[in-house]
Every structure is written in structure tokens, then in C-alpha cells.
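Peer 1: Structure supplied as final_25.pdb; contents: PDB, C-alpha atoms.
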MODEL        1
ATOM      1  CA  LEU A   1       0.000   0.000   0.000  1.00  0.00           C
ATOM      2  CA  LEU A   2       2.755   2.457   0.927  1.00  0.00           C
ATOM      3  CA  ALA A   3       4.595   1.893  -2.375  1.00  0.00           C
ATOM      4  CA  ARG A   4       1.275   1.862  -4.305  1.00  0.00           C
ATOM      5  CA  PHE A   5       1.551  -1.717  -5.522  1.00  0.00           C
ATOM      6  CA  PHE A   6      -2.031  -1.932  -4.200  1.00  0.00           C
ATOM      7  CA  GLU A   7      -4.599   0.772  -3.533  1.00  0.00           C
ATOM      8  CA  PRO A   8      -6.619   0.846  -0.288  1.00  0.00           C
ATOM      9  CA  ASP A   9     -10.194  -0.459  -0.514  1.00  0.00           C
ATOM     10  CA  GLU A  10     -11.251   2.303   1.851  1.00  0.00           C
ATOM     11  CA  GLY A  11      -9.655   5.189   3.673  1.00  0.00           C
ATOM     12  CA  THR A  12      -6.542   7.028   2.590  1.00  0.00           C
ATOM     13  CA  ILE A  13      -2.792   6.855   3.126  1.00  0.00           C
ATOM     14  CA  THR A  14      -1.069  10.214   3.265  1.00  0.00           C
ATOM     15  CA  LEU A  15       2.523  11.358   3.064  1.00  0.00           C
ATOM     16  CA  ASP A  16       3.025  14.848   4.483  1.00  0.00           C
ATOM     17  CA  ASN A  17      -0.784  15.213   4.336  1.00  0.00           C
ATOM     18  CA  VAL A  18      -0.845  14.382   0.603  1.00  0.00           C
ATOM     19  CA  ASP A  19      -2.987  11.417  -0.524  1.00  0.00           C
ATOM     20  CA  LEU A  20      -0.642   8.826  -2.047  1.00  0.00           C
ATOM     21  CA  ARG A  21      -3.129   8.285  -4.903  1.00  0.00           C
ATOM     22  CA  SER A  22      -2.258  11.789  -6.146  1.00  0.00           C
ATOM     23  CA  LEU A  23       1.447  10.875  -6.456  1.00  0.00           C
ATOM     24  CA  LYS A  24       2.965   9.053  -9.422  1.00  0.00           C
ATOM     25  CA  PRO A  25       3.835   5.455  -8.400  1.00  0.00           C
ATOM     26  CA  ARG A  26       7.118   5.487 -10.340  1.00  0.00           C
ATOM     27  CA  TRP A  27       8.286   8.657  -8.579  1.00  0.00           C
ATOM     28  CA  LEU A  28       7.077   7.385  -5.196  1.00  0.00           C
ATOM     29  CA  ARG A  29       8.956   4.069  -5.536  1.00  0.00           C
ATOM     30  CA  GLY A  30      12.012   5.600  -7.199  1.00  0.00           C
ATOM     31  CA  GLU A  31      12.531   8.704  -5.090  1.00  0.00           C
ATOM     32  CA  VAL A  32      10.628   8.443  -1.817  1.00  0.00           C
ATOM     33  CA  VAL A  33      10.099   4.880  -0.574  1.00  0.00           C
ATOM     34  CA  GLY A  34      12.851   2.310  -0.012  1.00  0.00           C
ATOM     35  CA  VAL A  35      12.091  -1.314   0.862  1.00  0.00           C
ATOM     36  CA  VAL A  36      14.149  -4.053   2.525  1.00  0.00           C
ATOM     37  CA  THR A  37      12.297  -7.366   2.605  1.00  0.00           C
ATOM     38  CA  GLN A  38      12.712 -10.712   4.339  1.00  0.00           C
ATOM     39  CA  GLU A  39      14.089 -12.265   1.152  1.00  0.00           C
ATOM     40  CA  PRO A  40      16.632  -9.850  -0.334  1.00  0.00           C
ATOM     41  CA  VAL A  41      16.397  -9.551  -4.101  1.00  0.00           C
ATOM     42  CA  LEU A  42      19.791  -9.642  -5.778  1.00  0.00           C
ATOM     43  CA  LEU A  43      20.291  -9.618  -9.538  1.00  0.00           C
ATOM     44  CA  PRO A  44      22.820 -11.328 -11.803  1.00  0.00           C
ATOM     45  CA  GLY A  45      25.850  -9.055 -12.003  1.00  0.00           C
ATOM     46  CA  THR A  46      28.574  -7.894  -9.670  1.00  0.00           C
ATOM     47  CA  ILE A  47      28.180  -6.968  -6.030  1.00  0.00           C
ATOM     48  CA  ARG A  48      28.912  -3.373  -7.046  1.00  0.00           C
ATOM     49  CA  ASP A  49      26.115  -3.513  -9.657  1.00  0.00           C
ATOM     50  CA  ASN A  50      23.685  -4.868  -7.077  1.00  0.00           C
ATOM     51  CA  ILE A  51      24.406  -2.109  -4.563  1.00  0.00           C
ATOM     52  CA  ALA A  52      24.375   0.588  -7.257  1.00  0.00           C
ATOM     53  CA  TYR A  53      21.097  -0.679  -8.743  1.00  0.00           C
ATOM     54  CA  ALA A  54      19.278   2.044  -6.807  1.00  0.00           C
ATOM     55  CA  ARG A  55      21.608   4.710  -8.221  1.00  0.00           C
ATOM     56  CA  PRO A  56      23.495   3.522 -11.324  1.00  0.00           C
ATOM     57  CA  ASP A  57      25.450   6.803 -11.470  1.00  0.00           C
ATOM     58  CA  ALA A  58      26.918   6.274  -7.979  1.00  0.00           C
ATOM     59  CA  THR A  59      30.692   6.435  -7.684  1.00  0.00           C
ATOM     60  CA  MET A  60      32.713   3.529  -6.294  1.00  0.00           C
ATOM     61  CA  GLU A  61      33.378   5.630  -3.188  1.00  0.00           C
ATOM     62  CA  GLU A  62      29.628   6.058  -2.633  1.00  0.00           C
ATOM     63  CA  VAL A  63      29.021   2.326  -3.143  1.00  0.00           C
ATOM     64  CA  ARG A  64      31.790   1.469  -0.672  1.00  0.00           C
ATOM     65  CA  ALA A  65      30.462   4.000   1.882  1.00  0.00           C
ATOM     66  CA  ALA A  66      27.003   2.397   1.670  1.00  0.00           C
ATOM     67  CA  ALA A  67      28.546  -1.058   2.116  1.00  0.00           C
ATOM     68  CA  ILE A  68      30.528   0.136   5.141  1.00  0.00           C
ATOM     69  CA  ALA A  69      27.378   1.590   6.749  1.00  0.00           C
ATOM     70  CA  ALA A  70      25.566  -1.705   6.028  1.00  0.00           C
ATOM     71  CA  ASN A  71      28.318  -3.766   7.701  1.00  0.00           C
ATOM     72  CA  ALA A  72      28.984  -5.427   4.342  1.00  0.00           C
ATOM     73  CA  ASN A  73      32.372  -4.033   3.301  1.00  0.00           C
ATOM     74  CA  GLY A  74      34.333  -6.498   5.448  1.00  0.00           C
ATOM     75  CA  PHE A  75      32.970  -9.668   3.871  1.00  0.00           C
ATOM     76  CA  ILE A  76      32.959  -8.116   0.379  1.00  0.00           C
ATOM     77  CA  GLU A  77      36.659  -7.276   0.549  1.00  0.00           C
ATOM     78  CA  GLU A  78      37.449 -10.810   1.765  1.00  0.00           C
ATOM     79  CA  LEU A  79      36.009 -12.260  -1.456  1.00  0.00           C
ATOM     80  CA  PRO A  80      38.663 -12.998  -4.118  1.00  0.00           C
ATOM     81  CA  GLU A  81      37.125 -10.487  -6.538  1.00  0.00           C
ATOM     82  CA  GLY A  82      35.728  -8.091  -3.924  1.00  0.00           C
ATOM     83  CA  TYR A  83      33.130  -5.727  -5.370  1.00  0.00           C
ATOM     84  CA  ASP A  84      33.620  -7.353  -8.804  1.00  0.00           C
ATOM     85  CA  THR A  85      32.368 -10.724  -7.500  1.00  0.00           C
ATOM     86  CA  GLN A  86      29.679 -12.024  -9.825  1.00  0.00           C
ATOM     87  CA  LEU A  87      26.380 -13.099  -8.309  1.00  0.00           C
ATOM     88  CA  GLY A  88      24.636 -16.029  -9.978  1.00  0.00           C
ATOM     89  CA  GLY A  89      21.269 -16.296 -11.676  1.00  0.00           C
ATOM     90  CA  ALA A  90      19.502 -16.864  -8.366  1.00  0.00           C
ATOM     91  CA  GLY A  91      21.340 -13.805  -7.058  1.00  0.00           C
ATOM     92  CA  SER A  92      23.114 -15.569  -4.199  1.00  0.00           C
ATOM     93  CA  GLY A  93      26.652 -16.160  -5.519  1.00  0.00           C
ATOM     94  CA  GLY A  94      27.323 -18.389  -2.518  1.00  0.00           C
ATOM     95  CA  LEU A  95      26.567 -15.601  -0.036  1.00  0.00           C
ATOM     96  CA  SER A  96      24.756 -16.317   3.233  1.00  0.00           C
ATOM     97  CA  VAL A  97      21.282 -14.921   3.886  1.00  0.00           C
ATOM     98  CA  GLY A  98      22.798 -12.364   6.282  1.00  0.00           C
ATOM     99  CA  GLN A  99      25.344 -11.240   3.680  1.00  0.00           C
ATOM    100  CA  ARG A 100      22.652 -10.898   1.007  1.00  0.00           C
ATOM    101  CA  GLN A 101      20.516  -8.923   3.462  1.00  0.00           C
ATOM    102  CA  ARG A 102      23.393  -6.515   4.132  1.00  0.00           C
ATOM    103  CA  LEU A 103      23.817  -5.968   0.365  1.00  0.00           C
ATOM    104  CA  ALA A 104      20.106  -5.107   0.156  1.00  0.00           C
ATOM    105  CA  ILE A 105      20.563  -2.673   3.058  1.00  0.00           C
ATOM    106  CA  ALA A 106      23.589  -1.113   1.316  1.00  0.00           C
ATOM    107  CA  ARG A 107      21.428  -0.617  -1.787  1.00  0.00           C
ATOM    108  CA  ALA A 108      18.744   1.092   0.307  1.00  0.00           C
ATOM    109  CA  LEU A 109      21.376   3.295   1.986  1.00  0.00           C
ATOM    110  CA  LEU A 110      22.706   4.357  -1.406  1.00  0.00           C
ATOM    111  CA  LYS A 111      19.165   5.191  -2.546  1.00  0.00           C
ATOM    112  CA  ASP A 112      18.717   7.343   0.589  1.00  0.00           C
ATOM    113  CA  PRO A 113      14.892   7.111   0.694  1.00  0.00           C
ATOM    114  CA  LYS A 114      12.823   9.518   2.771  1.00  0.00           C
ATOM    115  CA  VAL A 115      10.527   6.677   3.889  1.00  0.00           C
ATOM    116  CA  LEU A 116      11.883   3.218   4.602  1.00  0.00           C
ATOM    117  CA  LEU A 117       9.797   0.043   4.797  1.00  0.00           C
ATOM    118  CA  LEU A 118      11.451  -2.929   6.534  1.00  0.00           C
ATOM    119  CA  ASP A 119       9.411  -6.101   6.045  1.00  0.00           C
ATOM    120  CA  GLU A 120      10.640  -8.875   8.401  1.00  0.00           C
ATOM    121  CA  PRO A 121      14.286  -7.936   7.669  1.00  0.00           C
ATOM    122  CA  THR A 122      15.844 -10.254  10.286  1.00  0.00           C
ATOM    123  CA  SER A 123      13.409 -13.176  10.431  1.00  0.00           C
ATOM    124  CA  ALA A 124      15.551 -15.632   8.446  1.00  0.00           C
ATOM    125  CA  LEU A 125      18.803 -14.911  10.274  1.00  0.00           C
ATOM    126  CA  ASP A 126      20.728 -16.715  12.977  1.00  0.00           C
ATOM    127  CA  PRO A 127      21.595 -14.651  16.106  1.00  0.00           C
ATOM    128  CA  ALA A 128      25.126 -13.710  14.931  1.00  0.00           C
ATOM    129  CA  ALA A 129      23.923 -12.539  11.510  1.00  0.00           C
ATOM    130  CA  GLU A 130      20.941 -10.794  13.103  1.00  0.00           C
ATOM    131  CA  LYS A 131      23.259  -8.680  15.252  1.00  0.00           C
ATOM    132  CA  ALA A 132      25.250  -7.460  12.222  1.00  0.00           C
ATOM    133  CA  VAL A 133      22.106  -6.845  10.179  1.00  0.00           C
ATOM    134  CA  GLN A 134      20.368  -5.044  13.071  1.00  0.00           C
ATOM    135  CA  ALA A 135      23.351  -2.672  13.407  1.00  0.00           C
ATOM    136  CA  ALA A 136      23.101  -1.967   9.658  1.00  0.00           C
ATOM    137  CA  LEU A 137      19.334  -1.398   9.947  1.00  0.00           C
ATOM    138  CA  ASP A 138      19.936   1.080  12.767  1.00  0.00           C
ATOM    139  CA  ASN A 139      22.298   3.019  10.451  1.00  0.00           C
ATOM    140  CA  LEU A 140      19.754   2.846   7.635  1.00  0.00           C
ATOM    141  CA  SER A 141      16.844   4.057   9.781  1.00  0.00           C
ATOM    142  CA  GLU A 142      18.715   7.084  11.145  1.00  0.00           C
ATOM    143  CA  GLY A 143      17.135  10.381  10.095  1.00  0.00           C
ATOM    144  CA  ARG A 144      14.207   9.003   8.126  1.00  0.00           C
ATOM    145  CA  THR A 145      10.658   7.759   8.661  1.00  0.00           C
ATOM    146  CA  THR A 146      10.883   3.994   9.057  1.00  0.00           C
ATOM    147  CA  LEU A 147       8.010   1.518   9.105  1.00  0.00           C
ATOM    148  CA  VAL A 148       9.014  -1.911  10.413  1.00  0.00           C
ATOM    149  CA  VAL A 149       6.892  -5.052  10.087  1.00  0.00           C
ATOM    150  CA  ALA A 150       8.342  -7.764  12.318  1.00  0.00           C
ATOM    151  CA  HIS A 151       7.665 -10.659  14.657  1.00  0.00           C
ATOM    152  CA  ARG A 152      11.122 -10.500  16.248  1.00  0.00           C
ATOM    153  CA  LEU A 153      10.848  -7.870  18.938  1.00  0.00           C
ATOM    154  CA  ALA A 154      14.555  -6.998  18.840  1.00  0.00           C
ATOM    155  CA  THR A 155      13.819  -5.461  15.431  1.00  0.00           C
ATOM    156  CA  VAL A 156      11.167  -3.069  16.797  1.00  0.00           C
ATOM    157  CA  ARG A 157      12.072  -2.399  20.425  1.00  0.00           C
ATOM    158  CA  ARG A 158      13.797   0.949  19.656  1.00  0.00           C
ATOM    159  CA  ALA A 159      10.880   2.251  17.571  1.00  0.00           C
ATOM    160  CA  ASP A 160       9.240   5.503  18.693  1.00  0.00           C
ATOM    161  CA  SER A 161       5.830   3.864  18.397  1.00  0.00           C
ATOM    162  CA  ILE A 162       4.922   0.175  18.166  1.00  0.00           C
ATOM    163  CA  ALA A 163       1.467  -0.917  16.963  1.00  0.00           C
ATOM    164  CA  VAL A 164       0.534  -4.443  18.035  1.00  0.00           C
ATOM    165  CA  LEU A 165      -1.786  -6.196  15.582  1.00  0.00           C
ATOM    166  CA  LYS A 166      -4.102  -9.030  16.548  1.00  0.00           C
ATOM    167  CA  GLY A 167      -6.871 -10.328  14.336  1.00  0.00           C
ATOM    168  CA  GLY A 168      -6.171  -7.591  11.781  1.00  0.00           C
ATOM    169  CA  ARG A 169      -6.686  -4.774  14.288  1.00  0.00           C
ATOM    170  CA  ILE A 170      -4.374  -2.581  16.356  1.00  0.00           C
ATOM    171  CA  VAL A 171      -4.875  -3.704  19.959  1.00  0.00           C
ATOM    172  CA  GLU A 172      -2.021  -1.782  21.626  1.00  0.00           C
ATOM    173  CA  GLN A 173       0.225   1.109  20.679  1.00  0.00           C
ATOM    174  CA  GLY A 174       3.135   2.809  22.412  1.00  0.00           C
ATOM    175  CA  SER A 175       6.872   2.591  23.030  1.00  0.00           C
ATOM    176  CA  HIS A 176       8.539  -0.678  24.078  1.00  0.00           C
ATOM    177  CA  GLU A 177       8.690   0.466  27.698  1.00  0.00           C
ATOM    178  CA  GLU A 178       5.048   1.634  27.724  1.00  0.00           C
ATOM    179  CA  LEU A 179       3.800  -1.628  26.236  1.00  0.00           C
ATOM    180  CA  VAL A 180       5.833  -3.797  28.631  1.00  0.00           C
ATOM    181  CA  GLU A 181       4.462  -1.788  31.559  1.00  0.00           C
ATOM    182  CA  LEU A 182       0.922  -2.203  30.187  1.00  0.00           C
ATOM    183  CA  GLY A 183       1.251  -5.958  30.675  1.00  0.00           C
ATOM    184  CA  GLY A 184      -0.893  -6.874  27.666  1.00  0.00           C
ATOM    185  CA  VAL A 185      -0.319  -8.675  24.370  1.00  0.00           C
ATOM    186  CA  TYR A 186       3.089  -7.104  23.669  1.00  0.00           C
ATOM    187  CA  ALA A 187       4.363  -7.823  27.190  1.00  0.00           C
ATOM    188  CA  GLY A 188       3.314 -11.457  26.707  1.00  0.00           C
ATOM    189  CA  MET A 189       5.248 -11.588  23.426  1.00  0.00           C
ATOM    190  CA  VAL A 190       8.342 -10.174  25.156  1.00  0.00           C
ATOM    191  CA  GLN A 191       8.127 -12.850  27.861  1.00  0.00           C
ATOM    192  CA  SER A 192       7.582 -15.643  25.308  1.00  0.00           C
ATOM    193  CA  GLN A 193      10.527 -14.604  23.162  1.00  0.00           C
ATOM    194  CA  ALA A 194      12.794 -14.212  26.223  1.00  0.00           C
ATOM    195  CA  ALA A 195      11.822 -17.703  27.403  1.00  0.00           C
ATOM    196  CA  ALA A 196      12.433 -19.174  23.941  1.00  0.00           C
ATOM    197  CA  MET A 197      15.900 -17.585  23.743  1.00  0.00           C
ATOM    198  CA  ALA A 198      16.785 -18.938  27.194  1.00  0.00           C
ATOM    199  CA  LEU A 199      16.250 -22.531  26.003  1.00  0.00           C
TER     200      LEU A 199
ENDMDL
END
The structure in this file should be written as C-alpha cells.
Peer 2:
Amino acid sequence: LLARFFEPDEGTITLDNVDLRSLKPRWLRGEVVGVVTQEPVLLPGTIRDNIAYARPDATMEEVRAAAIAANANGFIEELPEGYDTQLGGAGSGGLSVGQRQRLAIARALLKDPKVLLLDEPTSALDPAAEKAVQAALDNLSEGRTTLVVAHRLATVRRADSIAVLKGGRIVEQGSHEELVELGGVYAGMVQSQAAAMAL
């Protein structure tokens, strides 16, 4: 809905009080909204090409700066061909899910969107990869409006406002601390995830 791949059946979505339906989808997706999804989409080509996909005119210095901010430069430079490493048809090139996710974050950083949508960005990661990706997401979210959809609470706990959905409706809303103190659905999720991690 935010990127106008679908239109709302009712109601409106506004950006700076402007109805999204009055904005051109191509401009909205190209200039305003950046997306990092659960399954990062990488294309055949080099790592540099994949990062620069958002801005083909970007210099190598800009690509490297985005990779550094995404915690990706280290593993890229350890590859035999570095930024010239070719990614295969499936887009993986032998990279781990966490490494692919950091390339997608580098691409979003290079794009520098005003609004960022993170859709389950850490759900497929092991704890070590999640830590590196979360640090990159923190860099990416800095200074922009960020909408995060996640089940893992570590991904949302620093958000200014968390909306808890149940049965398709918002049942609680507030900061992490406010929702824990409330002792409702969110607090129960925090306790469940803490217990699961202790096992």
C-alpha cells in the first residue's frame, strides 16, 4: 500500500498530508520509498552492480560508503574479486542470507529514501547474523521515517511507536517500555521470546 503496488479499498494513506493516490507510483517508488524485505532480491551481475542498482550513477566511493554503513564491506573485501564478484542467476553467488541482506541494506542506503519500509528484515537470520544486520538497519533508519513489520521484537524495540496487531486490528500502541508496563499482548510476546531464547 505504501509503495502503491495496491490501492486501499477504503480510507486514505497520506505522506506529508498528501494522498498517495495523487502521487505518481514510479516517482514514489524511485525517489521516496525504499524497501528491505525478508528475502533480499539480488540480480545477476557484480556486487557493485547490485548495490548501485538504486543509483546507477553512484561512484565507487559512494558504493563502498554504503557497504561500510551496512556492515557489508568487510565480507565483500574478503572475497577474491571483492566488489567485482559475480552473483549467480539466483542472485546468491554463494553468499549467506545475512550477507545478502546486508547488500540489500547497502542498496537502500545508497538510494537514501525519505521513507523506509522494513518487512521482516531479520526473520531468516541466525543470532550472529541478526546482530550485524540489526546494526546496519539502525544506520539505515537514522534520520528518516521507518516503518518496520516484524515478529522479532529486537527489530522493533527501539521504535518511537509500536502498533501491536491481533486479528487484523491494532490492539495496543506505544513505546517498548510503555507496552511492557501495560502488561498486555506485547508484554506477553516479550516474555515468550525471552523464554524461547533462554532454552
Peer 1: Pick the closest to Ser141 (chain A) from A:Gly184, A:Pro127, A:Gly45, A:Gly34: which is it, counting all atoms listed in the file?
Peer 2: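 Of all the options, A:Gly34 lies closest to Ser141 (chain A).
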Peer 1: With a distance cut-off of 9 Å and only C-alpha atoms, select the neighbouring residues of Leu147 (chain A), excluding the residue or stretch itself and same-chain residues fewer than 6 positions from it, and output the selection as a ChimeraX atom specification.
Peer 2: /A:115-119,159
Peer 1: Smallest atom-to-atom distance to Pro8 (chain A): which of A:Arg100, A:Glu81, A:Trp27, A:Arg21, using only C-alpha atoms?
Peer 2: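 Comparing A:Arg100, A:Glu81, A:Trp27, A:Arg21 against Pro8 (chain A), the winner is A:Arg21.
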Peer 1: Separation of CA of Val133 (chain A) and CA of Gly88 (chain A), in Å?
Peer 2: 22.3 Å
Peer 1: Identify the residues within 9 Å of coordinate (10.3, -12.4, 1.6) (same frame as the file), considering only C-alpha atoms, and give the answer as a PyMOL selection string.
Peer 2: chain A and resi 37-41+119-121
Peer 1: Report as a PyMOL selection string the full result of the PyMOL selection byres ((chain A and resi 171-177) around 10) when it is applied to this structure.
Peer 2: chain A and resi 153+156-170+178-182+184-187+190
Peer 1: If the PyMOL selection byres ((chain A and resi 55-62) around 12) were run on this exact file, what residues would it hold? Put them as a list in words.
Peer 2: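 In the shown coordinates, the PyMOL selection byres ((chain A and resi 55-62) around 12) covers Gly30, Glu31, Ile47, Arg48, Asp49, Asn50, Ile51, Ala52, Tyr53, Ala54, Val63, Arg64, Ala65, Ala66, Ala67, Ile68, Ala69, Asn73, Tyr83, Asp84, Ala106, Arg107, Ala108, Leu109, Leu110, Lys111, Asp112 and Pro113 of chain A.
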Peer 1: Generate the output file for the selected residues, C-alpha atoms, as a short mmCIF file (atom, residue, chain, number, x, y, z; two decimals), in the coordinates of the input.
Peer 2:
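Saved result, part_19.cif, follows:
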data_model
loop_
_atom_site.label_atom_id
_atom_site.label_comp_id
_atom_site.auth_asym_id
_atom_site.auth_seq_id
_atom_site.Cartn_x
_atom_site.Cartn_y
_atom_site.Cartn_z
CA GLY A 30 12.01 5.60 -7.20
CA GLU A 31 12.53 8.70 -5.09
CA ILE A 47 28.18 -6.97 -6.03
CA ARG A 48 28.91 -3.37 -7.05
CA ASP A 49 26.12 -3.51 -9.66
CA ASN A 50 23.68 -4.87 -7.08
CA ILE A 51 24.41 -2.11 -4.56
CA ALA A 52 24.38 0.59 -7.26
CA TYR A 53 21.10 -0.68 -8.74
CA ALA A 54 19.28 2.04 -6.81
CA VAL A 63 29.02 2.33 -3.14
CA ARG A 64 31.79 1.47 -0.67
CA ALA A 65 30.46 4.00 1.88
CA ALA A 66 27.00 2.40 1.67
CA ALA A 67 28.55 -1.06 2.12
CA ILE A 68 30.53 0.14 5.14
CA ALA A 69 27.38 1.59 6.75
CA ASN A 73 32.37 -4.03 3.30
CA TYR A 83 33.13 -5.73 -5.37
CA ASP A 84 33.62 -7.35 -8.80
CA ALA A 106 23.59 -1.11 1.32
CA ARG A 107 21.43 -0.62 -1.79
CA ALA A 108 18.74 1.09 0.31
CA LEU A 109 21.38 3.30 1.99
CA LEU A 110 22.71 4.36 -1.41
CA LYS A 111 19.16 5.19 -2.55
CA ASP A 112 18.72 7.34 0.59
CA PRO A 113 14.89 7.11 0.69
#
Peer 1: Suppose you want the space between CA of Ala124 (chain A) and CA of Val97 (chain A); what is it in Å?
Peer 2: 7.4 Å
Peer 1: What is the distance, in Å and to one decimal place, between CA of Ala70 (chain A) and CA of Leu15 (chain A)?
Peer 2: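 The value is 26.7 Å.
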